[in-house]
file run_16.cif (mmCIF, C-alpha atoms)
data_input
loop_
_atom_site.label_atom_id
_atom_site.label_comp_id
_atom_site.auth_asym_id
_atom_site.auth_seq_id
_atom_site.Cartn_x
_atom_site.Cartn_y
_atom_site.Cartn_z
CA MET A 8 -3.82 -79.18 32.66
CA ASN A 9 -4.90 -77.06 29.72
CA ASP A 10 -4.51 -73.29 29.31
CA GLN A 11 -8.13 -72.56 30.19
CA ASN A 12 -7.76 -74.35 33.53
CA LYS A 13 -4.57 -72.45 34.22
CA LEU A 14 -6.31 -69.13 33.66
CA ASN A 15 -9.24 -70.21 35.81
CA ASP A 16 -7.20 -71.36 38.81
CA SER A 17 -8.84 -69.43 41.64
CA ARG A 18 -5.60 -69.13 43.61
CA ILE A 19 -3.95 -67.07 40.85
CA ASP A 20 -4.72 -63.38 40.83
CA ASN A 21 -4.88 -62.47 37.14
CA ASP A 22 -4.74 -58.74 37.84
CA LEU A 23 -1.50 -59.20 39.75
CA ILE A 24 -0.02 -61.24 36.90
CA HIS A 25 -1.04 -58.60 34.34
CA ALA A 26 0.45 -55.81 36.44
CA THR A 27 3.71 -57.75 36.90
CA VAL A 28 3.94 -58.55 33.19
CA LYS A 29 3.21 -54.93 32.29
CA LEU A 30 5.96 -53.67 34.58
CA ASN A 31 8.50 -56.22 33.39
CA THR A 32 7.64 -55.48 29.75
CA LEU A 33 8.40 -51.82 30.37
CA LEU A 34 11.66 -52.58 32.18
CA PHE A 35 12.79 -55.11 29.55
CA ALA A 36 11.99 -52.57 26.81
CA CYS A 37 14.18 -50.01 28.67
CA VAL A 38 17.03 -52.54 29.01
CA LEU A 39 16.99 -53.50 25.33
CA ALA A 40 16.57 -49.86 24.27
CA CYS A 41 19.79 -49.02 26.17
CA ILE A 42 21.68 -52.04 24.80
CA PHE A 43 20.59 -51.56 21.15
CA GLY A 44 20.99 -47.77 21.21
CA ILE A 45 24.43 -47.72 22.82
CA GLY A 46 25.42 -50.78 20.78
CA LEU A 47 24.64 -49.17 17.42
CA PHE A 48 26.23 -45.90 18.54
CA SER A 49 29.45 -47.71 19.54
CA LEU A 50 29.52 -49.87 16.39
CA THR A 51 29.18 -46.74 14.26
CA TYR A 52 32.15 -45.06 15.95
CA ILE A 53 34.29 -48.22 15.82
CA SER A 54 33.40 -48.56 12.14
CA MET A 55 34.28 -44.92 11.47
CA TYR A 56 37.72 -45.15 13.02
CA ARG A 57 38.69 -48.67 11.96
CA THR A 58 37.48 -48.77 8.35
CA PRO A 59 40.29 -47.93 5.92
CA GLU A 60 39.70 -45.12 3.44
CA GLY A 61 37.94 -46.25 0.28
CA TYR A 62 36.78 -49.50 1.92
CA HIS A 63 33.08 -50.35 1.65
CA ASN A 64 31.43 -49.67 5.01
CA PHE A 65 28.75 -52.32 5.27
CA LEU A 66 27.02 -50.70 8.26
CA ASN A 67 25.78 -48.09 5.77
CA LEU A 68 23.38 -50.76 4.49
CA LEU A 69 21.36 -50.23 7.68
CA GLY A 70 20.36 -46.87 6.21
CA VAL A 71 17.96 -48.75 3.93
CA PHE A 72 15.84 -49.68 6.97
CA LEU A 73 16.74 -46.85 9.38
CA PRO A 74 16.18 -43.59 7.47
CA GLY A 75 18.88 -40.98 8.15
CA TYR A 76 21.41 -43.48 9.46
CA THR A 77 24.93 -43.37 8.00
CA VAL A 78 28.36 -44.21 9.37
CA SER A 79 29.22 -40.67 10.49
CA ALA A 80 29.25 -38.64 13.71
CA SER A 81 25.72 -37.34 13.17
CA GLY A 82 24.61 -40.76 11.89
CA ALA A 83 25.80 -42.30 15.17
CA TRP A 84 23.33 -40.14 17.10
CA ILE A 85 20.53 -41.01 14.69
CA GLY A 86 21.60 -44.65 15.11
CA LEU A 87 21.37 -44.23 18.90
CA LEU A 88 17.74 -43.10 18.56
CA TRP A 89 16.85 -45.79 16.03
CA GLY A 90 18.62 -48.43 18.11
CA ALA A 91 16.70 -47.37 21.21
CA LEU A 92 13.40 -47.48 19.32
CA VAL A 93 14.08 -50.86 17.73
CA GLY A 94 15.36 -52.19 21.08
CA ALA A 95 12.25 -51.01 22.92
CA ILE A 96 9.91 -52.59 20.34
CA THR A 97 11.98 -55.80 20.41
CA GLY A 98 11.80 -55.88 24.21
CA ILE A 99 8.03 -55.35 24.25
CA VAL A 100 7.32 -58.05 21.65
CA ILE A 101 9.71 -60.62 23.13
CA TYR A 102 8.60 -60.17 26.73
CA ARG A 103 4.89 -60.16 25.87
CA ILE A 104 5.25 -63.49 24.09
CA TYR A 105 7.58 -64.93 26.75
CA ALA A 106 5.23 -63.84 29.56
CA ARG A 107 2.59 -66.27 28.33
CA SER A 108 4.56 -68.96 30.17
CA ILE A 109 4.31 -67.20 33.55
CA TYR A 110 0.90 -68.76 34.33
CA SER A 111 2.33 -72.23 33.96
CA GLN A 112 5.45 -71.32 35.97
CA VAL A 113 3.31 -70.12 38.88
CA LEU A 114 1.12 -73.24 38.64
CA ASN A 115 4.20 -75.45 38.62
CA PHE A 116 5.28 -73.81 41.84
CA LEU A 117 1.86 -74.21 43.42
CA GLU A 118 1.69 -77.88 42.49
CA SER A 119 5.26 -78.75 43.31
CA PRO A 120 5.16 -80.65 46.63
CA ASP A 121 8.90 -80.54 47.28
CA MET A 122 9.27 -76.77 46.95
CA LYS A 123 9.40 -74.93 50.26
CA GLU A 124 8.13 -71.40 50.80
CA SER A 125 11.65 -70.27 51.65
CA ASP A 126 12.77 -71.28 48.13
CA ILE A 127 10.98 -68.37 46.52
CA ASP A 128 12.56 -65.82 48.85
CA ARG A 129 15.90 -66.08 47.08
CA VAL A 130 14.66 -66.96 43.65
CA THR A 131 16.88 -66.48 40.62
CA LEU A 132 15.14 -66.25 37.27
CA LYS A 133 15.17 -69.45 35.24
CA ILE A 134 14.87 -69.04 31.50
CA GLU A 135 12.31 -71.26 29.78
CA GLY A 136 13.82 -72.22 26.43
CA HIS A 137 10.55 -73.04 24.67
CA PRO A 138 8.69 -69.72 25.19
CA LEU A 139 11.92 -67.76 24.65
CA GLY A 140 12.51 -69.64 21.39
CA ILE A 141 8.95 -68.97 20.26
CA ALA A 142 9.23 -65.28 21.22
CA LEU A 143 12.64 -64.54 19.72
CA GLY A 144 12.09 -66.88 16.78
CA SER A 145 8.78 -65.22 15.88
CA PHE A 146 10.32 -61.80 16.22
CA VAL A 147 13.28 -62.44 13.90
CA ALA A 148 11.10 -64.35 11.43
CA ILE A 149 8.59 -61.48 11.21
CA SER A 150 11.48 -58.99 10.95
CA LEU A 151 12.90 -60.94 8.01
CA ILE A 152 9.53 -61.02 6.24
CA LEU A 153 8.99 -57.29 6.79
CA SER A 154 12.50 -56.21 5.76
CA THR A 155 12.54 -58.44 2.66
CA ASN A 156 9.14 -57.26 1.50
CA LEU A 157 10.12 -53.65 2.14
CA LEU A 158 12.86 -54.18 -0.44
CA VAL A 159 10.35 -55.83 -2.79
CA ILE A 160 7.82 -52.97 -2.42
CA ARG A 161 10.56 -50.40 -3.06
CA GLY A 162 11.45 -52.21 -6.27
CA ALA A 163 15.00 -52.86 -5.04
CA ALA A 164 14.71 -56.66 -5.11
CA GLU A 165 16.78 -57.03 -8.30
CA ASN A 166 19.72 -55.09 -6.85
CA SER A 167 19.64 -56.53 -3.33
CA HIS A 168 22.76 -58.67 -3.71
CA HIS A 169 23.65 -58.33 -0.03
CA ALA A 170 20.22 -59.50 1.18
CA GLY A 171 20.32 -62.33 -1.36
CA LEU A 172 23.47 -63.67 0.31
CA LEU A 173 21.28 -64.91 3.16
CA SER A 174 20.44 -67.86 0.90
CA HIS A 175 23.82 -69.35 1.90
CA TYR A 176 22.45 -69.68 5.43
CA LEU A 177 18.76 -70.06 4.66
CA PRO A 178 18.40 -72.35 1.63
CA GLY A 179 15.46 -71.29 -0.53
CA TYR A 180 15.57 -67.69 0.65
CA SER A 181 15.37 -64.96 -2.00
CA VAL A 182 14.34 -61.32 -2.05
CA SER A 183 10.72 -62.11 -2.88
CA PHE A 184 7.53 -62.77 -0.91
CA MET A 185 7.79 -66.56 -1.17
CA GLY A 186 11.54 -66.49 -0.47
CA SER A 187 10.95 -64.42 2.67
CA ILE A 188 8.42 -66.96 4.00
CA ILE A 189 10.82 -69.88 3.43
CA GLY A 190 13.68 -67.91 4.99
CA ALA A 191 11.51 -66.90 7.94
CA VAL A 192 10.61 -70.51 8.75
CA GLU A 193 14.28 -71.55 8.64
CA LEU A 194 15.38 -68.53 10.66
CA PHE A 195 12.70 -69.34 13.25
CA ILE A 196 14.07 -72.89 13.64
CA PHE A 197 17.68 -71.65 13.83
CA THR A 198 16.79 -69.04 16.47
CA TYR A 199 14.68 -71.53 18.42
CA ILE A 200 17.68 -73.91 18.66
CA LEU A 201 19.97 -71.08 19.79
CA CYS A 202 17.42 -70.11 22.47
CA GLN A 203 17.29 -73.69 23.72
CA ILE A 204 21.10 -73.71 23.98
CA LEU A 205 21.01 -70.34 25.76
CA SER A 206 18.45 -71.54 28.31
CA CYS A 207 20.25 -74.86 28.87
CA VAL A 208 23.58 -73.15 29.57
CA TYR A 209 22.00 -70.40 31.67
CA ASN A 210 19.86 -72.75 33.78
CA GLY A 211 22.80 -75.11 34.14
CA VAL A 212 25.01 -72.34 35.53
CA VAL A 213 22.20 -71.16 37.86
CA SER A 214 21.56 -74.70 39.17
CA PHE A 215 25.29 -75.24 39.66
CA SER A 216 25.65 -71.95 41.58
CA GLU A 217 22.59 -72.71 43.73
CA GLY A 218 23.88 -76.21 44.43
CA ARG A 219 27.20 -74.82 45.62
CA ASN A 220 25.51 -72.22 47.82
CA LYS A 221 23.26 -74.74 49.61
CA MET B 21 -2.66 -77.53 48.39
CA ARG B 22 -1.02 -74.12 48.47
CA LYS B 23 -3.03 -71.01 49.23
CA GLN B 24 -3.81 -67.68 47.52
CA GLU B 25 -0.98 -65.91 49.43
CA ASP B 26 1.53 -68.45 48.13
CA ALA B 27 0.36 -67.79 44.59
CA ASP B 28 0.63 -64.02 45.03
CA LYS B 29 4.06 -64.39 46.53
CA ALA B 30 5.16 -66.69 43.72
CA ILE B 31 3.94 -64.23 41.08
CA LEU B 32 5.77 -61.33 42.72
CA MET B 33 8.96 -63.31 43.23
CA MET B 34 8.92 -64.46 39.62
CA GLY B 35 8.26 -60.93 38.46
CA PHE B 36 11.09 -59.53 40.55
CA ALA B 37 13.47 -62.48 40.33
CA ARG B 38 17.02 -61.45 39.58
CA LEU B 39 18.89 -62.60 36.50
CA SER B 40 22.08 -64.47 37.26
CA VAL B 41 24.90 -62.25 35.97
CA LEU B 42 27.31 -65.17 35.74
CA GLY B 43 24.74 -67.40 34.04
CA MET B 44 23.71 -64.79 31.48
CA SER B 45 27.33 -63.87 30.70
CA ILE B 46 28.36 -67.49 30.12
CA ALA B 47 25.19 -68.38 28.19
CA LEU B 48 25.36 -65.42 25.80
CA GLY B 49 29.12 -65.92 25.46
CA VAL B 50 28.56 -69.52 24.34
CA VAL B 51 25.72 -68.58 21.97
CA CYS B 52 27.65 -65.70 20.34
CA ALA B 53 30.79 -67.83 19.93
CA LEU B 54 28.77 -70.64 18.40
CA PHE B 55 26.92 -68.21 16.13
CA ILE B 56 30.09 -66.63 14.69
CA PHE B 57 31.73 -70.00 14.19
CA LEU B 58 28.62 -71.43 12.51
CA VAL B 59 28.08 -68.54 10.09
CA THR B 60 31.73 -68.75 9.05
CA ALA B 61 31.70 -72.54 8.73
CA ILE B 62 28.44 -72.60 6.72
CA LEU B 63 29.87 -70.06 4.30
CA LEU B 64 33.12 -72.00 3.95
CA LEU B 65 31.26 -75.26 3.29
CA ASN B 66 28.43 -73.95 1.07
CA ALA B 67 29.50 -70.91 -0.87
CA ASP B 68 30.81 -70.79 -4.40
CA PRO B 69 34.35 -69.34 -4.15
CA GLY B 70 33.95 -67.69 -7.59
CA ASP B 71 31.03 -65.51 -6.47
CA PRO B 72 32.40 -61.97 -5.89
CA TYR B 73 29.72 -61.19 -3.28
CA VAL B 74 30.43 -64.23 -1.09
CA GLY B 75 31.99 -63.25 2.22
CA PHE B 76 31.90 -59.62 1.15
CA ASN B 77 30.02 -58.51 4.27
CA LEU B 78 31.12 -61.24 6.65
CA LYS B 79 34.82 -60.57 6.17
CA SER B 80 34.15 -56.93 7.18
CA LEU B 81 33.70 -58.25 10.72
CA TRP B 82 37.46 -57.81 11.12
CA ILE B 83 36.62 -54.12 11.74
CA PHE B 84 34.96 -55.14 15.02
CA ILE B 85 36.78 -58.42 15.66
CA PRO B 86 40.55 -58.04 15.14
CA GLY B 87 42.05 -61.11 13.47
CA TYR B 88 38.78 -62.34 11.96
CA SER B 89 38.67 -63.64 8.39
CA VAL B 90 36.41 -66.01 6.44
CA SER B 91 38.61 -69.08 7.06
CA TRP B 92 38.67 -71.91 9.59
CA LEU B 93 41.30 -70.17 11.71
CA GLY B 94 39.45 -66.89 11.34
CA GLY B 95 36.26 -68.64 12.44
CA LEU B 96 37.96 -69.86 15.61
CA ILE B 97 39.39 -66.41 16.34
CA GLY B 98 35.94 -64.94 15.62
CA ALA B 99 34.33 -67.46 17.96
CA ALA B 100 36.73 -66.54 20.77
CA MET B 101 36.21 -62.81 20.28
CA GLY B 102 32.47 -63.25 19.69
CA GLY B 103 32.32 -65.17 22.96
CA LEU B 104 33.97 -62.24 24.67
CA VAL B 105 31.43 -59.85 23.14
CA GLY B 106 28.63 -62.18 24.25
CA ILE B 107 29.99 -62.20 27.81
CA VAL B 108 29.99 -58.40 27.88
CA LEU B 109 26.49 -58.33 26.36
CA GLY B 110 25.15 -60.91 28.82
CA PHE B 111 26.75 -59.09 31.73
CA SER B 112 25.20 -55.78 30.58
CA ILE B 113 21.72 -57.26 30.10
CA ALA B 114 21.72 -59.00 33.50
CA VAL B 115 23.11 -56.00 35.38
CA LEU B 116 20.67 -53.58 33.69
CA TRP B 117 17.73 -55.93 34.29
CA ASN B 118 18.56 -56.28 37.99
CA LEU B 119 19.34 -52.57 38.32
CA THR B 120 16.04 -51.40 36.80
CA HIS B 121 14.17 -53.63 39.25
CA TYR B 122 16.15 -52.32 42.24
CA VAL B 123 15.52 -48.74 41.11
CA TYR B 124 11.80 -49.45 40.69
CA ILE B 125 11.52 -51.08 44.13
CA GLY B 126 13.50 -48.19 45.63
CA LEU B 127 11.10 -45.66 44.08
CA VAL B 128 8.06 -47.55 45.37
CA VAL B 129 9.51 -47.65 48.90
CA ILE B 130 10.41 -43.94 48.81
CA ARG B 131 6.93 -43.04 47.55
CA ALA B 132 5.30 -45.13 50.30
CA LEU B 133 7.47 -43.51 52.97
CA TRP B 134 6.70 -40.07 51.56
CA TRP B 135 2.94 -40.65 51.73
CA ARG B 136 3.20 -42.11 55.22
CA MET B 137 5.18 -39.05 56.31
CA MET B 138 2.59 -36.71 54.74
CA ALA B 139 -0.24 -38.59 56.47
CA ASP B 140 1.50 -38.23 59.85
#
call {"tool": "encode", "arguments": {"input": "run_16.cif", "output": "structure tokens"}}
result
Amino acid sequence: MNDQNKLNDSRIDNDLIHATVKLNTLLFACVLACIFGIGLFSLTYISMYRTPEGYHNFLNLLGVFLPGYTVSASGAWIGLLWGALVGAITGIVIYRIYARSIYSQVLNFLESPDMKESDIDRVTLKIEGHPLGIALGSFVAISLILSTNLLVIRGAAENSHHAGLLSHYLPGYSVSFMGSIIGAVELFIFTYILCQILSCVYNGVVSFSEGRNK
Amino acid sequence: MRKQEDADKAILMMGFARLSVLGMSIALGVVCALFIFLVTAILLLNADPGDPYVGFNLKSLWIFIPGYSVSWLGGLIGAAMGGLVGIVLGFSIAVLWNLTHYVYIGLVVIRALWWRMMAD
């Protein structure tokens, strides 16, 4: 069944799907905003107290992309705000892309003859590896292109030794437009594989738990 | 053939389905452990040891992961500690996801009760 047929299935209320996706996007953005904000705040404090004097504090490199951020007490608060903002945007983008699979998930339920109505009363979320991989992979790939080209536009490409080190993980990557595209494709593939592993492990644990509870 | 109500119910249950805390903790733990081990192993296998910048940032992970170094043993220690961080991260994401949904449902119920009370 193609996408057009899925959207045209008369049993599926598109307004209800849109409202559900909108709500979940908002909630997922809140969750990631909390995690990223508190995460960056905590990392800054750990870095402040555990880094020996005179040692290069690599978290300071984030200041290139998050204006005002430094590894300091005031920088931690700025990091909290930046983390929350980046987390919220990440949550919105990832969930919006992931939500494109909800139509097919609902259709699968409607066309699954062996699923009873009582099954959906105690439903636990299953993670679909493919849409998650596309969502997260696209997000990190676009982030890499944007951050690399920000360095290029600022004229800092020559001195970006730290960013250039990514070529050890992403062969062909360099701090240039073409290098960012090559790196983005490789990073997309790497993230996609990690998402597939994540969904396999998660769904495996959920199936195992449900099997034990039956 | 299932009916319109089934579809509506399926949409709502998928929208409000809970994340498995155990599943998310284990899954993110595995992914984080694998990630730390892989980035260390790739560097050990690929990098030129004479390059002064190689491992410069990665070895700084010891600040957050005690015992970590850019070596095979360090990679294993990093994987174990990274797994622990992933478990905490997965636990936090799942709990927050479920909690925000419970809070939202609670607010909707309270608002409905409030309006019913006002109407009476």
call {"tool": "resolve_selection", "arguments": {"input": "run_16.cif", "expression": "the PyMOL selection byres ((chain B) within 9 of (chain A))", "output": "PyMOL selection string"}}
result
chain B and resi 21-40+42-48+50-51+54-55+59+62-63+66-67+73-77+80+83-84+109+112-113+116-117+120-121
call {"tool": "resolve_selection", "arguments": {"input": "run_16.cif", "expression": "the PyMOL selection byres ((chain A and resi 146-155) around 7)", "output": "MDAnalysis selection string"}}
result
chainID A and resid 142:145 156:159 182:183 187:188 191:192 194:195
call {"tool": "resolve_selection", "arguments": {"input": "run_16.cif", "expression": "the PyMOL selection byres ((chain B and resi 88) around 12)", "output": "list in words"}}
result
Ile56, Phe57, Thr60, Gly75, Leu78, Lys79, Ser80, Leu81, Trp82, Ile83, Phe84, Ile85, Pro86, Gly87, Ser89, Val90, Ser91, Trp92, Leu93, Gly94, Gly95, Leu96, Ile97, Gly98, Ala99, Ala100, Met101 and Gly102 of chain B
call {"tool": "atom_distance", "arguments": {"input": "run_16.cif", "atom1": "atom CA of A:Gly61", "atom2": "atom CA of A:Gly44"}}
result
27.0 Å
call {"tool": "closest_residue", "arguments": {"input": "run_16.cif", "among": "A:Ala40, A:Ala80, A:Ile141, A:Leu73", "to": "A:Ala95", "atoms": "all atoms listed in the file"}}
result
A:Ala40
call {"tool": "atom_distance", "arguments": {"input": "run_16.cif", "atom1": "atom CA of B:Asp140", "atom2": "atom CA of B:Val128"}}
result
18.4 Å
call {"tool": "axis_aligned_box", "arguments": {"input": "run_16.cif", "around": "stretch 105-108 of chain B", "padding_each_side": "3 Å", "output": "lines of an AutoDock Vina configuration file"}}
result
center_x = 30.0
center_y = -60.3
center_z = 25.5
size_x = 8.8
size_y = 9.8
size_z = 10.7
call {"tool": "closest_residue", "arguments": {"input": "run_16.cif", "among": "A:Tyr52, A:Val71, A:Asp22, A:His137", "to": "A:Ala170", "atoms": "only C-alpha atoms"}}
result
A:Val71
call {"tool": "atom_distance", "arguments": {"input": "run_16.cif", "atom1": "atom CA of A:Gly94", "atom2": "atom CA of A:Ala163"}}
result
26.1 Å
call {"tool": "closest_residue", "arguments": {"input": "run_16.cif", "among": "A:Leu173, A:Glu165, A:Leu92, A:Leu139", "to": "A:Ile189", "atoms": "all atoms listed in the file"}}
result
A:Leu173
call {"tool": "build_atoms", "arguments": {"input": "run_16.cif", "residues": "stretch 98-131 of chain B", "atoms": "N, CA and C atoms", "output": "CSV table (one decimal), in the coordinates of the input"}}
result
chain,number,residue,atom,x,y,z
B,98,GLY,N,37.2,-65.6,15.5
B,98,GLY,CA,35.9,-64.9,15.6
B,98,GLY,C,35.1,-65.5,16.7
B,99,ALA,N,35.1,-66.8,16.9
B,99,ALA,CA,34.3,-67.5,18.0
B,99,ALA,C,34.8,-67.0,19.3
B,100,ALA,N,36.2,-67.0,19.5
B,100,ALA,CA,36.7,-66.5,20.8
B,100,ALA,C,36.3,-65.1,21.1
B,101,MET,N,36.5,-64.2,20.1
B,101,MET,CA,36.2,-62.8,20.3
B,101,MET,C,34.7,-62.6,20.4
B,102,GLY,N,33.9,-63.3,19.6
B,102,GLY,CA,32.5,-63.2,19.7
B,102,GLY,C,32.0,-63.7,21.1
B,103,GLY,N,32.6,-64.7,21.6
B,103,GLY,CA,32.3,-65.2,23.0
B,103,GLY,C,32.5,-64.1,24.0
B,104,LEU,N,33.6,-63.4,23.8
B,104,LEU,CA,34.0,-62.2,24.7
B,104,LEU,C,32.9,-61.1,24.6
B,105,VAL,N,32.5,-60.9,23.3
B,105,VAL,CA,31.4,-59.8,23.1
B,105,VAL,C,30.1,-60.3,23.8
B,106,GLY,N,29.8,-61.6,23.6
B,106,GLY,CA,28.6,-62.2,24.2
B,106,GLY,C,28.7,-62.1,25.8
B,107,ILE,N,29.9,-62.3,26.3
B,107,ILE,CA,30.0,-62.2,27.8
B,107,ILE,C,29.7,-60.8,28.3
B,108,VAL,N,30.2,-59.8,27.5
B,108,VAL,CA,30.0,-58.4,27.9
B,108,VAL,C,28.5,-58.1,27.7
B,109,LEU,N,27.9,-58.6,26.6
B,109,LEU,CA,26.5,-58.3,26.4
B,109,LEU,C,25.6,-59.0,27.5
B,110,GLY,N,25.9,-60.2,27.8
B,110,GLY,CA,25.2,-60.9,28.8
B,110,GLY,C,25.3,-60.2,30.2
B,111,PHE,N,26.5,-59.8,30.5
B,111,PHE,CA,26.8,-59.1,31.7
B,111,PHE,C,25.9,-57.8,31.8
B,112,SER,N,25.9,-57.1,30.6
B,112,SER,CA,25.2,-55.8,30.6
B,112,SER,C,23.7,-56.0,30.7
B,113,ILE,N,23.2,-57.0,30.0
B,113,ILE,CA,21.7,-57.3,30.1
B,113,ILE,C,21.3,-57.6,31.5
B,114,ALA,N,22.1,-58.5,32.1
B,114,ALA,CA,21.7,-59.0,33.5
B,114,ALA,C,21.8,-57.9,34.5
B,115,VAL,N,22.9,-57.1,34.4
B,115,VAL,CA,23.1,-56.0,35.4
B,115,VAL,C,22.0,-54.9,35.2
B,116,LEU,N,21.7,-54.6,33.9
B,116,LEU,CA,20.7,-53.6,33.7
B,116,LEU,C,19.3,-54.1,34.1
B,117,TRP,N,19.0,-55.3,33.9
B,117,TRP,CA,17.7,-55.9,34.3
B,117,TRP,C,17.6,-55.9,35.8
B,118,ASN,N,18.6,-56.3,36.5
B,118,ASN,CA,18.6,-56.3,38.0
B,118,ASN,C,18.5,-54.8,38.5
B,119,LEU,N,19.3,-54.0,37.9
B,119,LEU,CA,19.3,-52.6,38.3
B,119,LEU,C,18.0,-51.9,38.2
B,120,THR,N,17.3,-52.1,37.0
B,120,THR,CA,16.0,-51.4,36.8
B,120,THR,C,15.0,-51.9,37.8
B,121,HIS,N,15.1,-53.1,38.2
B,121,HIS,CA,14.2,-53.6,39.2
B,121,HIS,C,14.5,-53.0,40.6
B,122,TYR,N,15.8,-52.9,40.9
B,122,TYR,CA,16.2,-52.3,42.2
B,122,TYR,C,15.7,-50.9,42.3
B,123,VAL,N,15.9,-50.2,41.2
B,123,VAL,CA,15.5,-48.7,41.1
B,123,VAL,C,14.0,-48.6,41.3
B,124,TYR,N,13.3,-49.5,40.6
B,124,TYR,CA,11.8,-49.4,40.7
B,124,TYR,C,11.3,-49.7,42.1
B,125,ILE,N,11.9,-50.8,42.7
B,125,ILE,CA,11.5,-51.1,44.1
B,125,ILE,C,11.9,-49.9,45.0
B,126,GLY,N,13.1,-49.3,44.8
B,126,GLY,CA,13.5,-48.2,45.6
B,126,GLY,C,12.5,-47.0,45.5
B,127,LEU,N,12.1,-46.8,44.3
B,127,LEU,CA,11.1,-45.7,44.1
B,127,LEU,C,9.8,-45.9,44.8
B,128,VAL,N,9.3,-47.2,44.7
B,128,VAL,CA,8.1,-47.6,45.4
B,128,VAL,C,8.2,-47.4,46.9
B,129,VAL,N,9.3,-47.8,47.4
B,129,VAL,CA,9.5,-47.6,48.9
B,129,VAL,C,9.6,-46.2,49.3
B,130,ILE,N,10.3,-45.4,48.5
B,130,ILE,CA,10.4,-43.9,48.8
B,130,ILE,C,9.0,-43.3,48.7
B,131,ARG,N,8.3,-43.6,47.7
B,131,ARG,CA,6.9,-43.0,47.6
B,131,ARG,C,6.0,-43.4,48.7
